[in-house]
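Each remark here refers to the structure printed beneath this line.
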Amino acid sequence: MNRIYKKLRKNTKGQYYLLSFCVTLSVLLVTSFSLMYFGPTVQSFLPEGGDTRKMASLLLGVTAVGCFVFTVYASGLFFRFKAREYGILMALGTEKRQLKRLLFQELSVVIVLSSLVGLLFSVPASFLIWKLFELFIISNEQMTYRFGGAGFLPGILFACVLACVLCIVGRRFINRSDIMEILRTQQKTEMVREIKGWTFPVGIVLMVLGILIGAGLPQVAARVWGIGLSGVVNLFYLLSLVGIYFILLSAVAQNRAKKNRSKYYENLVSISLMRFTAKATTKNMCVMTLLIFVCGFSAFYGMQYVLAGGVIRTENSKDFSLHYPVLENQIGKEEIDSTASVYGIEVTDFTENTATNLVVSYRAKDFNEETNRYIEVYRDKEMVALFVSESDFEKLSGQDIMVAPDTYQTVTATGYNGFFEYEDGLQEVMNPDTGKVYALTYGGTVESDVLAPFSEPFAYVVCDDEYREMTEGVKDAYKETIISFNARNVKDSYDFAKDLLSQYVEGATDLSNHMEYWNVWAQKMADEVGKEYVYGDKINMTIDNNMLLADWKYAPAFHIITAQDRMQMISVYVMLCLYIFIISLAAVSVMAYVRSISVATDNKGLFESLTKLGADTQYKKTVLKKQIARIVQYPGIIGCVLGFAVAFVMNFMNDGKISQIEIKALAILAVMLLGMGIILYGVYKYSMYKAEKIVM
């Protein structure tokens with residue numbers, strides 16, 4: 001029996017190679033992913049309990065599921081080839097127990113060896129992917145690849161689960177009692193039903209509606225009707241899934257050649273072949289379409305992070321800006337110039353101004369969880385906001401503005417498109433020490449990326465006379481110093497910025513040791529009534545705190561540091577997206593190949609009959625080509641179009657426009673989708689080559 005089985009194994013060694021390749025690839029991808037995720041480098045950048053860590057864990061699970069699915073799917077082809085062998089052996093009287101033992105021995109050897117290879121090569125694979133990734137993202141001492149041994153545990157666990165599932169599938173395969181069912185596994189067909197002509201246009205409509213409603217309805221409901229829709233609205237995306245099924249079913253099972261009789265009969269064999277397996281083929285193509293969509297969308301998602309990562313500096317900002325309480329003895333022009341001279345940095349456009357926190361009463365929008373609606377609220381003297389005089393703002397921003405008496409101008413970030421806060425919502429201003437109230441009217445907006453981030457909900461500009469009147473008698477506890485400047489050689493200023501940041505953190509005291517959303521007036525109101533202020537906690541004021549700039553109210557805005565740190569955080573997202581891209585593309589390639597080979601093996605007898613009827617090699621190649629081309633072509637086109645459409649709609653619905661970064665990302669996405677098409681074409685050509693060897 002061993003000698004017989006050895007000869008059988010020799011004749012079907014391609015299937016052993018395919019199964020081994022899939023097991024090795026899946027274990028390698030999962031393990032290399034977990035090695036990087038659980039490595040010290042990534043773990044140091046992910047805050048405990050944060051959304052990033054949760055997302056990373058979720059994507060690790062998605063990675064494992066994706067690898068699991070395409071490996072189990074590939075095993076289906078392995079068992080299909082075994083079906084005829086085992087059927088003949090069982091017909092000759094071989095006991096199932098003996099076949100089961102032989103099959104488990106084979107599976108054990110394949111899975112164990114493939115898993116060991118995957119685990120072994122996961123270390124250099126993760127290192128090479130990390131280095132490749134550094135070329136496009138960022139490379140510095142903090143982003144050095146560091147090995148994390150804990151990453152092997154998910155890979156080992158995945159290999160064990162995969163082995164158990166494949167053994168269960170093999171056991172079910174052996175336990176079939178009907179020998180004829182095993183012998184005819186490759187000859188099953190489906191009932192052929194007529195597919196109506198409306199299937200294709202309805203599929204197009206459903207696919208478009210699913211995308212538009214799923215991506216656009218929440219934004220329209222919030223902005224137009226003031227209604228907050230729950231996550232149930234995402235079920236509308238299922239319309240797109242139904243639409244894809246209808247489109248593919250129409251493409252597979254509908255015949256548009258009936259009007260031309262000669263063309264119809266010329267393609268009769270090809271048309272009938274696809275129709276006899278329409279359901280199974282359509283389901284397979286649906287899964288491939290969704291995987292191609294995931295492949296493209298994950299690439300686009302990660303790419304947008306990269307493109308947006310360095311866009312910190314704008315025409316309305318400066319390279320360096322900081323603010324701190326006036327009462328705090330912090331660094332100033334002397335310390336900045338002294339440090340700059342050490343690093344050879346030329347400081348330009350230096351400004352130092354004082355802004356005052358005044359109590360504001362304003363209109364805003366809030367979300368009512370009980371009614372699930374967005375409602376307008378009036379926040380009466382709940383917090384303070386920064387005010388600057390017209391002349392000080394002109395010095396700080398370099399802009400010439402005109403603020404009329406009894407009016408204010410709202411300071412917004414460049415391209416601000418907020419939803420919850422109204423630029424014209426300010427109604428009254430109160431001096432926190434004298435209690436005098438001043439009514440102001442809206443006089444427009446002005447953009448400044450220096451001042452806007454330092455105050456919630458906004459910072460405001462008033463004319464000089466009004467500013468003096470409104471701030472008369474205000475104690476220094478409510479005043480802040482704002483410093484901003486540029487560096488002529490800013491690209492070489494990273495070391496200077498780190499040194500300056502270190503000095504700034506060392507000079508910080510309890511006066512500035514507050515969380516990002518801390519507000520001095522809200523803290524005072526809570527203390528007076530004996531309530532605990534929700535943002536009253538202190539933060540870890542050390543230069544080694546990698547979340548310092550994100551959590552600290554008085555964090556400075558040093559663009560070169562912000563860009564570097566932001567890119568390091570972005571790198572984690574990009575790495576995750578890169579893995580999803582690789583896994584999805586691998587899954588699509590395996591499924592396309594397996595389905596193509598199945599077409600050849602399932603219809604080998606039919607091609608033999610065609611040869612006996614006089615069909616030449618070219619005709620048989622044409623028939624086979626039409627079958628395999630559809631399997632790869634239709635999912636490829638629909639998946640790429642769907643990925644591009646969803647990316648475009650989601651970006652447009654986000655703020656009602658397509659930004660320059662989004663245009664660039666969409667253009668790169670189109671190129672990447674073209675590259676994916678070339679890869680799928682390569683899979684098609686290889687599948688065609690292997691299929692021809694089977695049937696010719």
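Ordered as shown in the structure tokens, chains take letters A, B, and onward, while each chain numbers its residues from 1 and ligands are numbered from 1 in the order shown.
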Practice task
Using DSSP on the backbone, list every residue of segment 469-543 of chain A that comes out as strand (DSSP E), and give them as a PyMOL selection string.
Solution key: chain A and resi 479-487
Any chance you could export the current selection's N, CA and C atoms as a PDB file, in the first residue's frame?
ATOM      1  N   LYS A 479      -3.976  84.614  31.926  1.00  0.00           N
ATOM      2  CA  LYS A 479      -3.258  85.066  30.740  1.00  0.00           C
ATOM      3  C   LYS A 479      -2.213  84.032  30.308  1.00  0.00           C
ATOM      4  N   GLU A 480      -1.948  84.011  29.012  1.00  0.00           N
ATOM      5  CA  GLU A 480      -0.983  83.077  28.444  1.00  0.00           C
ATOM      6  C   GLU A 480      -0.005  83.813  27.531  1.00  0.00           C
ATOM      7  N   THR A 481       1.225  83.333  27.521  1.00  0.00           N
ATOM      8  CA  THR A 481       2.247  83.829  26.602  1.00  0.00           C
ATOM      9  C   THR A 481       2.250  82.947  25.355  1.00  0.00           C
ATOM     10  N   ILE A 482       2.234  83.566  24.190  1.00  0.00           N
ATOM     11  CA  ILE A 482       2.250  82.820  22.925  1.00  0.00           C
ATOM     12  C   ILE A 482       3.488  83.236  22.140  1.00  0.00           C
ATOM     13  N   ILE A 483       4.347  82.264  21.838  1.00  0.00           N
ATOM     14  CA  ILE A 483       5.587  82.497  21.094  1.00  0.00           C
ATOM     15  C   ILE A 483       5.524  81.694  19.804  1.00  0.00           C
ATOM     16  N   SER A 484       5.931  82.308  18.719  1.00  0.00           N
ATOM     17  CA  SER A 484       5.993  81.592  17.441  1.00  0.00           C
ATOM     18  C   SER A 484       7.155  82.119  16.620  1.00  0.00           C
ATOM     19  N   PHE A 485       7.760  81.246  15.827  1.00  0.00           N
ATOM     20  CA  PHE A 485       8.868  81.656  14.967  1.00  0.00           C
ATOM     21  C   PHE A 485       9.101  80.592  13.892  1.00  0.00           C
ATOM     22  N   ASN A 486       9.844  80.979  12.884  1.00  0.00           N
ATOM     23  CA  ASN A 486      10.242  80.076  11.805  1.00  0.00           C
ATOM     24  C   ASN A 486      11.732  79.809  11.886  1.00  0.00           C
ATOM     25  N   ALA A 487      12.172  78.794  11.169  1.00  0.00           N
ATOM     26  CA  ALA A 487      13.597  78.486  11.042  1.00  0.00           C
ATOM     27  C   ALA A 487      13.935  78.434   9.561  1.00  0.00           C
TER      28      ALA A 487
END
Problem - Long-range neighbours of Leu451 of chain A as a PyMOL selection string, 9 Å cut-off, only C-alpha atoms, 2 positions minimum in chain - result: chain A and resi 317+321+386+393+396-397+411-413+447-449+453-455+458-459+482
Problem - Residue with smallest distance to Ala600 of chain A - pool A:Leu548, A:Val474, A:Val446, A:Ala691, counting only C-alpha atoms - result: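 That would be A:Ala691, the residue with the smallest distance to Ala600 of chain A.
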Handout entry: From A:Arg379, A:Arg101, A:Lys196, A:Lys657, residue lying nearest Arg171 of chain A [only C-alpha atoms]
Key = A:Arg101
Practice task
Quick one: pull the distance between atom CA of Val520 of chain A and atom CA of Gln427 of chain A, Å, one decimal.
Solution key: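 These two atoms are separated by 20.2 Å.
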Exercise for the section: Name all residues at most 8 Å from segment 125-132 of chain A (count only C-alpha atoms; drop same-chain ones fewer than 5 positions away) and give them as a list in words. Expected result: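 Counting only C-alpha atoms, the residues come to Leu28, Ser32, Phe33, Leu35, Met36 and Tyr145 of chain A.
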Exercise for the section: Would you list the contacts of segment 232-247 of chain A as a VMD selection string, taking every protein, DNA or RNA residue within 10 Å and counting only C-alpha atoms, but skipping same-chain residues closer than 4 positions in sequence? Expected result: chain A and resid 195 198 to 215 217 to 218 251 to 252 279 282 to 283 285 to 287 289 to 290 634 to 635 638 to 639 642
Using the selection just defined, write its residues with C-alpha atoms as a PDB file, in the first residue's frame.
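File selection.pdb, as written:
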ATOM      1  CA  ILE A 195     -31.448  34.198 -15.626  1.00  0.00           C
ATOM      2  CA  TRP A 198     -33.252  42.503 -15.575  1.00  0.00           C
ATOM      3  CA  THR A 199     -30.603  40.857 -13.364  1.00  0.00           C
ATOM      4  CA  PHE A 200     -27.656  42.891 -14.684  1.00  0.00           C
ATOM      5  CA  PRO A 201     -29.203  46.431 -14.552  1.00  0.00           C
ATOM      6  CA  VAL A 202     -30.736  45.720 -11.133  1.00  0.00           C
ATOM      7  CA  GLY A 203     -27.316  44.549  -9.930  1.00  0.00           C
ATOM      8  CA  ILE A 204     -25.714  47.802 -11.099  1.00  0.00           C
ATOM      9  CA  VAL A 205     -28.402  49.873  -9.351  1.00  0.00           C
ATOM     10  CA  LEU A 206     -28.109  47.910  -6.084  1.00  0.00           C
ATOM     11  CA  MET A 207     -24.319  48.159  -6.047  1.00  0.00           C
ATOM     12  CA  VAL A 208     -24.381  51.947  -6.567  1.00  0.00           C
ATOM     13  CA  LEU A 209     -27.195  52.474  -4.044  1.00  0.00           C
ATOM     14  CA  GLY A 210     -25.400  50.395  -1.415  1.00  0.00           C
ATOM     15  CA  ILE A 211     -22.272  52.532  -1.681  1.00  0.00           C
ATOM     16  CA  LEU A 212     -24.084  55.883  -1.776  1.00  0.00           C
ATOM     17  CA  ILE A 213     -26.526  55.114   1.043  1.00  0.00           C
ATOM     18  CA  GLY A 214     -24.013  53.324   3.275  1.00  0.00           C
ATOM     19  CA  ALA A 215     -21.362  56.053   2.973  1.00  0.00           C
ATOM     20  CA  LEU A 217     -26.704  58.674   4.523  1.00  0.00           C
ATOM     21  CA  PRO A 218     -25.079  59.163   7.973  1.00  0.00           C
ATOM     22  CA  ALA A 251     -22.213  37.643 -16.552  1.00  0.00           C
ATOM     23  CA  VAL A 252     -21.757  33.921 -15.838  1.00  0.00           C
ATOM     24  CA  LYS A 279     -24.019  29.182  -8.619  1.00  0.00           C
ATOM     25  CA  THR A 282     -20.708  33.075  -8.908  1.00  0.00           C
ATOM     26  CA  LYS A 283     -20.210  32.569  -5.162  1.00  0.00           C
ATOM     27  CA  MET A 285     -16.252  35.149  -7.849  1.00  0.00           C
ATOM     28  CA  CYS A 286     -18.179  37.180  -5.236  1.00  0.00           C
ATOM     29  CA  VAL A 287     -15.633  36.253  -2.575  1.00  0.00           C
ATOM     30  CA  THR A 289     -14.424  40.465  -5.757  1.00  0.00           C
ATOM     31  CA  LEU A 290     -14.712  41.353  -2.076  1.00  0.00           C
ATOM     32  CA  TYR A 634     -14.994  39.790 -13.843  1.00  0.00           C
ATOM     33  CA  PRO A 635     -13.979  39.856 -10.138  1.00  0.00           C
ATOM     34  CA  ILE A 638     -15.713  44.804 -10.418  1.00  0.00           C
ATOM     35  CA  GLY A 639     -13.449  44.646  -7.339  1.00  0.00           C
ATOM     36  CA  LEU A 642     -15.781  49.041  -6.308  1.00  0.00           C
TER      37      LEU A 642
END
Exercise for the section: Select, from A:Phe648, A:Tyr374, A:Phe38, A:Tyr442, the residue with the minimum atom-to-atom distance to Gly155 of chain A, counting only C-alpha atoms. Expected result: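 Selected residue with least distance to Gly155 of chain A: A:Phe38.
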